[in-house]
>>> print(open('start08.txt').read())   # compact mmCIF, C-alpha atoms
# COMPACT_ATOMS: atom_id res chain seq x y z
CA MET A 1 -90.52 -60.28 0.28
CA SER A 2 -91.36 -63.89 -0.42
CA TYR A 3 -93.79 -64.88 -3.16
CA THR A 4 -94.31 -68.24 -1.47
CA LYS A 5 -96.81 -66.72 0.93
CA TYR A 6 -99.00 -65.67 -2.03
CA LEU A 7 -99.04 -69.29 -3.14
CA LEU A 8 -100.18 -70.33 0.33
CA TYR A 9 -102.93 -67.68 0.27
CA ALA A 10 -104.11 -68.99 -3.11
CA LEU A 11 -104.18 -72.59 -1.87
CA VAL A 12 -106.07 -71.57 1.29
CA CYS A 13 -108.62 -69.73 -0.90
CA PHE A 14 -109.16 -72.83 -3.03
CA ALA A 15 -109.41 -75.06 0.04
CA GLY A 16 -112.03 -72.66 1.40
CA LEU A 17 -114.04 -72.83 -1.80
CA GLN A 18 -113.96 -76.59 -1.74
CA SER A 19 -115.43 -76.69 1.74
CA TYR A 20 -118.56 -75.01 0.32
CA ALA A 21 -118.99 -77.93 -2.06
CA GLN A 22 -122.58 -78.86 -2.77
CA SER A 23 -124.33 -81.30 -5.03
CA ASN A 24 -123.72 -79.10 -8.13
CA PHE A 25 -120.03 -79.41 -7.46
CA GLU A 26 -117.71 -81.65 -9.41
CA GLY A 27 -114.01 -82.35 -9.08
CA LEU A 28 -112.05 -83.13 -12.22
CA GLY A 29 -108.49 -83.70 -13.26
CA GLU A 30 -106.76 -82.70 -16.46
CA SER A 31 -103.35 -83.93 -17.57
CA GLY A 32 -101.64 -82.62 -20.64
CA PHE A 33 -98.51 -82.88 -22.68
CA ALA A 34 -97.50 -80.05 -25.02
CA LEU A 35 -94.80 -79.76 -27.65
CA ASN A 36 -93.64 -76.30 -28.65
CA LYS A 37 -91.48 -75.38 -31.59
CA ARG A 38 -90.24 -71.94 -32.58
CA LEU A 39 -89.44 -71.77 -36.27
CA SER A 40 -88.33 -68.14 -36.29
CA SER A 41 -88.59 -65.07 -34.10
CA HIS A 42 -91.96 -64.43 -35.76
CA TYR A 43 -93.58 -67.85 -35.79
CA LYS A 44 -94.01 -70.70 -33.35
CA PHE A 45 -96.43 -73.58 -33.09
CA ASN A 46 -97.74 -75.87 -30.44
CA PHE A 47 -99.27 -79.35 -30.35
CA ALA A 48 -100.91 -80.65 -27.21
CA VAL A 49 -102.82 -83.66 -25.99
CA ARG A 50 -104.98 -83.34 -22.90
CA SER A 51 -106.97 -85.88 -21.02
CA ARG A 52 -109.82 -84.87 -18.69
CA TYR A 53 -111.39 -87.17 -16.13
CA TYR A 54 -113.86 -86.99 -13.26
CA LEU A 55 -112.49 -87.43 -9.77
CA TYR A 56 -115.49 -86.38 -7.69
CA GLN A 57 -119.08 -86.60 -8.90
CA ASP A 58 -122.52 -86.86 -7.27
CA ASP A 59 -121.06 -86.30 -3.81
CA ALA A 60 -118.66 -89.22 -4.12
CA LEU A 61 -115.12 -89.86 -5.24
CA ASN A 62 -115.30 -91.49 -8.64
CA PHE A 63 -112.70 -91.84 -11.37
CA GLU A 64 -114.17 -91.73 -14.85
CA ASN A 65 -112.63 -90.62 -18.14
CA ARG A 66 -114.44 -87.76 -19.81
CA GLN A 67 -112.61 -86.60 -22.94
CA LEU A 68 -109.41 -86.37 -24.91
CA ASP A 69 -108.33 -83.13 -26.61
CA PHE A 70 -105.95 -82.78 -29.54
CA VAL A 71 -104.87 -79.18 -29.92
CA HIS A 72 -102.81 -77.16 -32.36
CA PHE A 73 -101.90 -73.48 -32.10
CA SER A 74 -99.94 -71.36 -34.58
CA THR A 75 -98.64 -68.08 -33.21
CA LEU A 76 -97.44 -65.03 -35.07
CA ASN A 77 -95.40 -62.74 -32.84
CA LEU A 78 -96.15 -59.19 -33.89
CA ASP A 79 -93.35 -57.84 -31.70
CA TYR A 80 -91.77 -58.36 -28.29
CA ASN A 81 -95.08 -58.40 -26.42
CA HIS A 82 -97.95 -58.74 -28.92
CA ALA A 83 -98.99 -62.01 -30.55
CA LEU A 84 -101.79 -63.34 -32.74
CA SER A 85 -102.68 -67.03 -32.70
CA LEU A 86 -104.96 -69.38 -34.58
CA GLY A 87 -105.94 -72.69 -33.05
CA VAL A 88 -107.78 -75.83 -33.93
CA GLN A 89 -108.85 -78.50 -31.49
CA TYR A 90 -110.64 -81.81 -31.73
CA ARG A 91 -112.34 -83.08 -28.59
CA LEU A 92 -113.06 -86.78 -28.43
CA ARG A 93 -116.03 -87.58 -26.19
CA ALA A 94 -118.44 -89.82 -28.09
CA THR A 95 -116.35 -92.94 -27.63
CA ILE A 96 -115.39 -92.06 -24.06
CA ASP A 97 -118.49 -90.81 -22.26
CA GLY A 98 -121.06 -90.78 -25.07
CA GLU A 99 -121.39 -86.98 -25.40
CA SER A 100 -120.84 -85.13 -28.66
CA ASP A 101 -117.36 -84.76 -30.11
CA GLU A 102 -116.32 -81.18 -30.78
CA LEU A 103 -114.33 -79.33 -33.38
CA ARG A 104 -113.11 -75.99 -32.15
CA PHE A 105 -111.52 -73.05 -33.96
CA THR A 106 -109.81 -70.32 -31.95
CA GLN A 107 -108.58 -66.84 -32.76
CA GLN A 108 -106.43 -65.23 -30.10
CA PHE A 109 -104.71 -61.95 -29.34
CA ASN A 110 -102.18 -61.76 -26.54
CA TYR A 111 -100.45 -58.81 -24.92
CA THR A 112 -97.87 -59.03 -22.15
CA LYS A 113 -96.31 -56.34 -20.00
CA LYS A 114 -93.32 -56.97 -17.78
CA ASN A 115 -92.79 -55.08 -14.56
CA HIS A 116 -89.58 -56.30 -12.91
CA ALA A 117 -90.23 -59.87 -11.77
CA LEU A 118 -93.95 -59.71 -12.55
CA ARG A 119 -95.34 -60.27 -16.00
CA PHE A 120 -98.93 -59.34 -16.78
CA GLY A 121 -100.74 -61.02 -19.65
CA HIS A 122 -103.98 -60.00 -21.34
CA ARG A 123 -105.52 -62.56 -23.65
CA VAL A 124 -108.64 -62.25 -25.79
CA ARG A 125 -110.03 -65.33 -27.50
CA PHE A 126 -112.88 -66.00 -29.89
CA GLU A 127 -113.93 -69.60 -30.33
CA GLN A 128 -116.33 -71.47 -32.56
CA ARG A 129 -117.27 -74.75 -30.91
CA ILE A 130 -118.89 -77.06 -33.44
CA LEU A 131 -120.84 -79.86 -31.77
CA ASP A 132 -123.15 -82.47 -33.34
CA GLU A 133 -126.32 -80.47 -32.87
CA LEU A 134 -125.26 -76.93 -32.24
CA THR A 135 -122.45 -74.42 -32.69
CA ILE A 136 -121.42 -72.25 -29.75
CA PHE A 137 -119.66 -68.92 -30.23
CA ARG A 138 -117.54 -68.18 -27.20
CA SER A 139 -115.64 -64.99 -26.33
CA ARG A 140 -113.24 -64.97 -23.45
CA TYR A 141 -110.82 -62.61 -21.72
CA ARG A 142 -108.08 -63.70 -19.37
CA PHE A 143 -105.83 -61.63 -17.13
CA ALA A 144 -102.77 -63.47 -15.87
CA VAL A 145 -99.80 -62.65 -13.66
CA ASP A 146 -96.71 -64.78 -13.51
CA PHE A 147 -93.38 -64.50 -11.75
CA PRO A 148 -90.36 -66.61 -10.79
CA LEU A 149 -90.20 -67.82 -7.20
CA ASN A 150 -86.53 -66.88 -6.94
CA GLY A 151 -85.14 -63.60 -8.20
CA GLU A 152 -86.37 -61.60 -11.17
CA LYS A 153 -85.45 -64.05 -13.91
CA LEU A 154 -86.48 -67.66 -14.36
CA ASP A 155 -83.42 -69.90 -14.40
CA VAL A 156 -83.15 -73.62 -14.98
CA GLY A 157 -84.08 -75.53 -11.85
CA GLU A 158 -86.26 -72.73 -10.49
CA GLY A 159 -89.99 -72.57 -9.88
CA TYR A 160 -92.58 -70.04 -11.01
CA LEU A 161 -96.15 -69.17 -10.21
CA ILE A 162 -98.97 -68.21 -12.56
CA SER A 163 -102.34 -66.89 -11.44
CA SER A 164 -105.17 -65.91 -13.73
CA ILE A 165 -108.80 -64.91 -13.83
CA GLU A 166 -110.96 -65.37 -16.89
CA GLY A 167 -114.47 -64.41 -17.95
CA LEU A 168 -116.31 -66.28 -20.72
CA LEU A 169 -119.49 -65.57 -22.68
CA SER A 170 -121.04 -68.36 -24.77
CA ILE A 171 -123.71 -67.61 -27.35
CA SER A 172 -125.69 -70.03 -29.45
CA LYS A 173 -129.03 -70.10 -31.30
CA ARG A 174 -130.34 -72.97 -29.21
CA ILE A 175 -129.34 -72.09 -25.66
CA LYS A 176 -129.41 -68.97 -23.49
CA PRO A 177 -126.23 -66.89 -23.35
CA GLU A 178 -124.03 -68.36 -20.66
CA LEU A 179 -121.47 -66.65 -18.47
CA ASP A 180 -118.56 -68.48 -16.88
CA TYR A 181 -115.81 -67.40 -14.54
CA ARG A 182 -112.53 -69.19 -13.86
CA THR A 183 -109.73 -68.65 -11.37
CA THR A 184 -106.51 -70.56 -11.86
CA THR A 185 -103.23 -70.91 -10.02
CA HIS A 186 -100.30 -72.90 -11.37
CA ILE A 187 -96.98 -73.67 -9.84
CA GLY A 188 -94.37 -74.62 -12.38
CA TRP A 189 -90.82 -75.82 -12.50
CA LEU A 190 -88.32 -75.16 -15.26
CA VAL A 191 -86.62 -78.56 -15.19
CA SER A 192 -84.31 -77.78 -18.09
CA GLU A 193 -84.08 -75.31 -20.96
CA ALA A 194 -86.50 -77.58 -22.79
CA LEU A 195 -88.89 -78.87 -20.18
CA LYS A 196 -91.41 -77.37 -17.80
CA LEU A 197 -93.68 -79.20 -15.40
CA GLN A 198 -96.80 -77.48 -14.10
CA PHE A 199 -99.30 -78.31 -11.38
CA GLY A 200 -102.36 -76.23 -10.80
CA LEU A 201 -105.82 -75.74 -9.42
CA GLU A 202 -108.68 -74.14 -11.31
CA TYR A 203 -112.05 -73.21 -9.89
CA ARG A 204 -114.89 -72.66 -12.34
CA PHE A 205 -118.29 -71.08 -11.89
CA GLU A 206 -120.08 -72.27 -15.00
CA ALA A 207 -123.32 -70.72 -16.31
CA PHE A 208 -123.49 -68.54 -13.21
CA ASN A 209 -126.17 -66.37 -14.84
CA ILE A 210 -128.47 -69.42 -15.24
CA ASP A 211 -127.80 -72.19 -12.75
CA THR A 212 -124.30 -72.18 -11.38
CA GLU A 213 -122.24 -75.31 -11.61
CA GLU A 214 -119.01 -75.30 -9.66
CA LYS A 215 -116.02 -77.31 -10.73
CA LEU A 216 -112.57 -77.75 -9.25
CA PHE A 217 -109.84 -78.95 -11.59
CA LEU A 218 -106.54 -80.49 -10.63
CA LEU A 219 -104.18 -79.68 -13.47
CA THR A 220 -100.91 -81.35 -14.39
CA SER A 221 -98.91 -80.73 -17.52
CA ALA A 222 -95.54 -81.21 -19.10
CA ILE A 223 -94.39 -78.71 -21.72
CA LEU A 224 -91.51 -79.67 -23.96
CA LYS A 225 -89.69 -77.20 -26.22
CA ILE A 226 -88.11 -78.87 -29.25
CA MET B 227 -98.78 -95.18 -17.37
CA ARG B 228 -98.93 -91.45 -16.75
CA LEU B 229 -96.19 -91.80 -14.13
CA ASN B 230 -93.94 -93.62 -16.60
CA VAL B 231 -94.26 -90.80 -19.14
CA LEU B 232 -93.43 -88.29 -16.42
CA LEU B 233 -90.34 -90.25 -15.36
CA ILE B 234 -89.09 -90.45 -18.96
CA LEU B 235 -89.61 -86.71 -19.32
CA LEU B 236 -87.72 -86.05 -16.10
CA CYS B 237 -84.76 -88.12 -17.33
CA PHE B 238 -84.81 -86.22 -20.62
CA GLY B 239 -84.90 -82.99 -18.65
CA GLN B 240 -81.82 -83.93 -16.64
CA PHE B 241 -79.97 -84.74 -19.87
CA ALA B 242 -80.88 -81.38 -21.34
CA LEU B 243 -79.78 -79.66 -18.11
CA GLY B 244 -76.23 -80.83 -18.78
CA GLN B 245 -76.22 -78.99 -22.10
CA THR B 246 -77.19 -75.59 -20.77
CA LYS B 247 -74.95 -72.67 -20.04
CA ASN B 248 -74.42 -71.96 -16.38
CA GLU B 249 -76.13 -68.57 -16.20
CA LYS B 250 -78.11 -67.99 -13.06
CA GLU B 251 -79.53 -65.23 -10.90
CA GLU B 252 -80.69 -66.09 -7.42
CA ARG B 253 -82.03 -64.17 -4.50
CA ILE B 254 -79.84 -64.44 -1.41
CA LYS B 255 -79.57 -62.97 2.10
CA LEU B 256 -77.39 -59.97 2.93
CA SER B 257 -75.25 -62.27 5.09
CA GLU B 258 -74.28 -64.16 1.90
CA PHE B 259 -72.86 -60.97 0.32
CA PRO B 260 -69.07 -60.44 0.43
CA LEU B 261 -68.16 -58.66 3.69
CA ALA B 262 -66.99 -55.48 1.92
CA ALA B 263 -70.32 -55.26 0.09
CA GLN B 264 -72.28 -55.84 3.31
CA LYS B 265 -70.54 -52.85 4.90
CA ILE B 266 -71.46 -50.61 1.96
CA VAL B 267 -75.09 -51.79 1.93
CA GLU B 268 -75.33 -50.89 5.61
CA THR B 269 -74.52 -47.26 4.73
CA LEU B 270 -77.53 -46.96 2.42
CA PRO B 271 -79.94 -44.20 3.55
CA LYS B 272 -82.74 -45.33 5.87
CA ASN B 273 -85.40 -44.34 3.35
CA CYS B 274 -84.28 -47.02 0.87
CA LYS B 275 -87.17 -49.47 0.56
CA ARG B 276 -87.59 -53.02 -0.72
CA VAL B 277 -83.89 -53.84 -0.49
CA ASN B 278 -83.26 -57.25 -2.07
CA PHE B 279 -80.01 -59.10 -2.66
CA TYR B 280 -79.01 -61.21 -5.64
CA LYS B 281 -76.09 -63.33 -6.75
CA GLU B 282 -75.42 -63.68 -10.45
CA THR B 283 -73.35 -66.46 -11.97
CA ASP B 284 -72.36 -66.40 -15.63
CA GLY B 285 -69.98 -69.25 -16.37
CA GLN B 286 -66.98 -68.58 -14.12
CA LYS B 287 -67.95 -64.96 -13.45
CA GLN B 288 -69.79 -64.13 -10.27
CA SER B 289 -71.24 -60.81 -9.18
CA PHE B 290 -73.62 -59.44 -6.58
CA GLU B 291 -76.43 -56.96 -6.80
CA ALA B 292 -78.52 -55.03 -4.27
CA LYS B 293 -81.81 -53.72 -5.64
CA PHE B 294 -83.82 -51.09 -3.84
CA LYS B 295 -86.32 -48.28 -4.20
CA HIS B 296 -85.40 -44.72 -3.19
CA LYS B 297 -87.77 -41.76 -3.53
CA GLY B 298 -89.89 -43.67 -6.04
CA LYS B 299 -86.98 -44.72 -8.26
CA ARG B 300 -85.62 -48.22 -8.68
CA TYR B 301 -81.87 -48.64 -8.20
CA SER B 302 -79.52 -51.51 -8.72
CA LEU B 303 -76.12 -51.46 -6.99
CA GLU B 304 -73.65 -53.86 -8.54
CA PHE B 305 -70.65 -55.41 -6.81
CA SER B 306 -67.79 -57.54 -8.05
CA LYS B 307 -67.13 -60.99 -6.59
CA GLU B 308 -64.81 -59.31 -4.06
CA GLY B 309 -67.52 -56.90 -2.94
CA ILE B 310 -66.18 -53.80 -4.71
CA VAL B 311 -68.80 -51.41 -6.08
CA GLU B 312 -68.89 -51.46 -9.89
CA ASP B 313 -71.79 -49.19 -10.71
CA LEU B 314 -75.16 -47.89 -9.59
CA GLU B 315 -78.00 -48.09 -12.09
CA VAL B 316 -81.34 -46.35 -11.98
CA LEU B 317 -84.35 -47.29 -14.04
CA THR B 318 -85.68 -44.51 -16.22
CA LYS B 319 -87.96 -43.97 -19.20
CA PHE B 320 -86.59 -43.38 -22.66
CA LYS B 321 -88.67 -40.22 -23.03
CA ALA B 322 -87.01 -38.87 -19.86
CA VAL B 323 -83.53 -39.04 -21.43
CA LYS B 324 -82.06 -35.65 -22.48
CA THR B 325 -83.20 -34.74 -25.98
CA ASN B 326 -79.76 -34.58 -27.61
CA VAL B 327 -78.71 -37.94 -26.09
CA LYS B 328 -82.04 -39.49 -27.05
CA THR B 329 -81.66 -38.26 -30.63
CA GLU B 330 -78.15 -39.71 -30.84
CA ILE B 331 -79.34 -43.12 -29.56
CA THR B 332 -82.40 -43.14 -31.83
CA ASP B 333 -80.21 -42.26 -34.82
CA TYR B 334 -77.97 -45.21 -33.99
CA PHE B 335 -80.92 -47.62 -33.88
CA LYS B 336 -82.46 -46.25 -37.08
CA SER B 337 -79.21 -46.38 -39.03
CA THR B 338 -78.23 -49.86 -37.78
CA TYR B 339 -81.50 -51.79 -37.69
CA SER B 340 -84.59 -51.83 -39.88
CA LYS B 341 -86.78 -52.04 -36.76
CA HIS B 342 -86.24 -51.46 -33.07
CA LYS B 343 -88.31 -51.33 -29.91
CA VAL B 344 -86.87 -49.98 -26.67
CA ILE B 345 -87.90 -52.18 -23.74
CA LYS B 346 -85.88 -51.06 -20.73
CA VAL B 347 -83.62 -48.08 -20.05
CA GLN B 348 -81.22 -47.65 -17.14
CA LYS B 349 -78.85 -44.79 -16.37
CA GLN B 350 -75.54 -46.27 -15.30
CA TYR B 351 -73.28 -44.37 -12.90
CA VAL B 352 -69.88 -46.05 -13.03
CA TYR B 353 -67.96 -46.00 -9.76
CA ASN B 354 -64.61 -44.26 -9.71
CA SER B 355 -62.48 -45.27 -6.72
CA ASN B 356 -61.30 -41.67 -6.17
CA ILE B 357 -64.05 -41.23 -3.62
CA GLU B 358 -65.54 -43.45 -0.90
CA ALA B 359 -68.14 -45.89 -2.25
CA SER B 360 -70.72 -44.75 0.31
CA GLN B 361 -70.15 -41.12 -0.73
CA PHE B 362 -70.52 -42.07 -4.40
CA ILE B 363 -73.88 -43.76 -3.65
CA ALA B 364 -75.09 -40.81 -1.57
CA ASN B 365 -74.15 -38.41 -4.39
CA VAL B 366 -75.99 -40.41 -7.03
CA LEU B 367 -79.08 -40.81 -4.83
CA SER B 368 -79.19 -37.07 -4.16
CA GLN B 369 -78.69 -36.50 -7.91
CA ASN B 370 -75.59 -34.50 -7.03
CA SER B 371 -72.89 -36.80 -8.30
CA GLY B 372 -71.65 -34.63 -11.14
CA ILE B 373 -71.11 -37.88 -13.03
CA ALA B 374 -72.60 -38.07 -16.51
CA PRO B 375 -74.28 -41.47 -16.70
CA ASN B 376 -73.95 -44.08 -19.41
CA PHE B 377 -77.12 -45.68 -20.72
CA GLU B 378 -77.91 -49.37 -20.64
CA ILE B 379 -80.77 -50.14 -22.98
CA ILE B 380 -82.55 -53.42 -23.65
CA ALA B 381 -84.19 -53.34 -27.05
CA GLU B 382 -85.72 -55.72 -29.52
CA VAL B 383 -84.08 -55.24 -32.92
CA LYS B 384 -84.47 -56.87 -36.29
CA VAL B 385 -81.35 -58.61 -37.58
CA GLU B 386 -81.48 -60.53 -40.86
CA LYS B 387 -85.28 -60.74 -40.73
CA GLN B 388 -85.17 -62.14 -37.17
CA ARG B 389 -86.10 -60.25 -34.02
CA VAL B 390 -83.55 -60.49 -31.22
CA LEU B 391 -83.24 -59.00 -27.76
CA ARG B 392 -80.03 -57.09 -27.13
CA GLU B 393 -78.57 -55.12 -24.26
CA PHE B 394 -76.85 -51.97 -25.56
CA GLU B 395 -74.46 -49.66 -23.82
CA PHE B 396 -74.20 -46.00 -24.80
CA ASP B 397 -71.96 -43.35 -23.26
CA ASP B 398 -73.22 -40.12 -21.67
CA LYS B 399 -73.49 -38.44 -25.07
CA GLY B 400 -75.47 -41.31 -26.58
CA THR B 401 -72.58 -42.78 -28.53
CA PHE B 402 -72.81 -46.52 -29.01
CA ILE B 403 -70.26 -48.55 -27.02
CA SER B 404 -71.27 -52.21 -27.18
CA PHE B 405 -74.09 -54.73 -27.20
CA ARG B 406 -74.67 -58.30 -26.14
CA THR B 407 -77.48 -60.57 -27.22
CA ILE B 408 -79.65 -61.79 -24.39
CA ASN B 409 -81.82 -64.88 -24.29
CA SER B 410 -85.50 -64.12 -24.29
CA THR B 411 -87.03 -65.32 -21.07
CA SER B 412 -87.73 -69.00 -20.66
CA TYR B 413 -91.32 -68.05 -19.98
CA GLU B 414 -92.12 -67.76 -23.63
CA HIS B 415 -94.14 -70.96 -23.80
CA VAL B 416 -95.86 -70.79 -20.48
CA LEU B 417 -99.57 -70.20 -20.90
CA TYR B 418 -99.44 -68.27 -24.13
>>> encode(input="start08.txt", output="structure tokens")
Amino acid sequence: MSYTKYLLYALVCFAGLQSYAQSNFEGLGESGFALNKRLSSHYKFNFAVRSRYYLYQDDALNFENRQLDFVHFSTLNLDYNHALSLGVQYRLRATIDGESDELRFTQQFNYTKKNHALRFGHRVRFEQRILDELTIFRSRYRFAVDFPLNGEKLDVGEGYLISSIEGLLSISKRIKPELDYRTTTHIGWLVSEALKLQFGLEYRFEAFNIDTEEKLFLLTSAILKI
Amino acid sequence: MRLNVLLILLCFGQFALGQTKNEKEERIKLSEFPLAAQKIVETLPKNCKRVNFYKETDGQKQSFEAKFKHKGKRYSLEFSKEGIVEDLEVLTKFKAVKTNVKTEITDYFKSTYSKHKVIKVQKQYVYNSNIEASQFIANVLSQNSGIAPNFEIIAEVKVEKQRVLREFEFDDKGTFISFRTINSTSYEHVLY
């Protein structure tokens, strides 16, 4: 049984969604570079820089930088498949597109379960997003499945696929509670023991309980283990 | 600019590739199995489902594996490079292991490591060339082999304050035979 056909199904689904594009639709790109370091079997940390930019806006193709994120995560592995993480992120927007900068704190619990080639991941996150004029408290849950495209184990030179769905609830004193939904598919390549390259598509339904905004993201990232 | 960074990373990646150990598992077609192994696979009962074929390379050592499902259980039939059956493994749960064997194995873990967590358990039926390979497989599948299986257990254990993944081998009575340390999957930094 080939997993490649699932990738094709996912791409066809995304292509289908895009064809429904309307004026509340935006296309964006996000490119990131992450450094990971494991200090012991219990502790690892991660630093990442991500750039987000508009590709399609107001019914027209248009490249425009939006923001730059600087992210740090510290992860405590509780055992083989449970982990707790704390994160801090600074989002630079004021000098790029004039919107508020953001300081974000994240608390995360992650649980994975492996079933042969498939690995299932459950992630719960709580975030405090501190903006100039308001603070948003966001809770999110993500379910992810990943698997190698060849065999049951990911070897150097091989590809892998990750698919996930995520629900988000944002609460703040100043705005109505907002619900978001995201579907993501990534195809990745383990270039070497140290380096992974990932390309993905993410479709977001933002504030779908108020006035839905739809966004398609093209994602590219390089992940380096040092 | 972004392209330049990517190219530099790719070059770095290729350099790192040269440093890695040649350990690889890849899915292949039955036609790429050694002839002797192909003949044995063809004798598998018709009700074997999801039959997949793999080649494993570990340094100079090469082996082949056919994985399949039979009556709800997952089996793994291992062959040498020449296509000779080495063993047949079946996935099981630790709680399904006979109580006295389970106690023996648990005692080993408790007395050797400060912490342990069993992750995967397989019963291993080692092939003895006194009988035909196809007969050996049929006997194991019908649970009529009369062979007492060894146990292959992957567990996370704590060694000098560090957690490591190890593959342990125990005999049919639960007596420890050997272990080897295995690399945790390269997935560890993806997404999480």
>>> closest_residue(input="start08.txt", among="A:Arg125, A:Arg138, A:Arg66, A:Lys196", to="chain B", atoms="all atoms listed in the file")
A:Lys196
>>> closest_residue(input="start08.txt", among="A:Gly87, A:Gly167, A:Gly188, A:Gly157", to="Arg204 of chain A", atoms="all atoms listed in the file")
A:Gly167
>>> interface_residues(input="start08.txt", of="chain A", to="chain B", cutoff="7 Å", atoms="all atoms listed in the file", output="PyMOL selection string")
chain A and resi 40-41+80+150-151+153-155+191-195
>>> residues_around(input="start08.txt", residues="His42 of chain A", least_positions_apart="4", cutoff="7 Å", atoms="all atoms listed in the file", output="list in words")
Leu76, Asn77 and Leu78 of chain A
>>> atom_distance(input="start08.txt", atom1="atom CA of Ser74 of chain A", atom2="atom CA of Phe47 of chain A")
9.1 Å
>>> atom_distance(input="start08.txt", atom1="atom CA of Glu102 of chain A", atom2="atom CA of Phe126 of chain A")
15.6 Å
>>> axis_aligned_box(input="start08.txt", around="segment 260-273 of chain B", padding_each_side="8 Å", output="lines of an AutoDock Vina configuration file")
center_x = -76.2
center_y = -52.3
center_z = 3.0
size_x = 34.4
size_y = 32.2
size_z = 21.8
>>> closest_residue(input="start08.txt", among="A:Gly98, A:Thr75, A:Phe137, A:Gly121", to="Lys44 of chain A", atoms="all atoms listed in the file")
A:Thr75
>>> closest_residue(input="start08.txt", among="B:Ile408, B:Gln348, B:Val366, B:Gln361", to="Ile379 of chain B", atoms="all atoms listed in the file")
B:Gln348
>>> residues_near_point(input="start08.txt", point="(-73.2, -39.7, -12.8)", cutoff="10 Å", atoms="only C-alpha atoms", output="short mmCIF file (atom, residue, chain, number, x, y, z; two decimals) with C-alpha atoms, in the frame of the given file")
data_model
loop_
_atom_site.label_atom_id
_atom_site.label_comp_id
_atom_site.auth_asym_id
_atom_site.auth_seq_id
_atom_site.Cartn_x
_atom_site.Cartn_y
_atom_site.Cartn_z
CA ASP B 313 -71.79 -49.19 -10.71
CA LEU B 314 -75.16 -47.89 -9.59
CA GLU B 315 -78.00 -48.09 -12.09
CA LYS B 349 -78.85 -44.79 -16.37
CA GLN B 350 -75.54 -46.27 -15.30
CA TYR B 351 -73.28 -44.37 -12.90
CA VAL B 352 -69.88 -46.05 -13.03
CA TYR B 353 -67.96 -46.00 -9.76
CA PHE B 362 -70.52 -42.07 -4.40
CA ASN B 365 -74.15 -38.41 -4.39
CA VAL B 366 -75.99 -40.41 -7.03
CA LEU B 367 -79.08 -40.81 -4.83
CA GLN B 369 -78.69 -36.50 -7.91
CA ASN B 370 -75.59 -34.50 -7.03
CA SER B 371 -72.89 -36.80 -8.30
CA GLY B 372 -71.65 -34.63 -11.14
CA ILE B 373 -71.11 -37.88 -13.03
CA ALA B 374 -72.60 -38.07 -16.51
CA PRO B 375 -74.28 -41.47 -16.70
CA ASN B 376 -73.95 -44.08 -19.41
CA ASP B 398 -73.22 -40.12 -21.67
#
>>> atom_distance(input="start08.txt", atom1="atom CA of Ala222 of chain A", atom2="atom CA of Asp79 of chain A")
26.6 Å
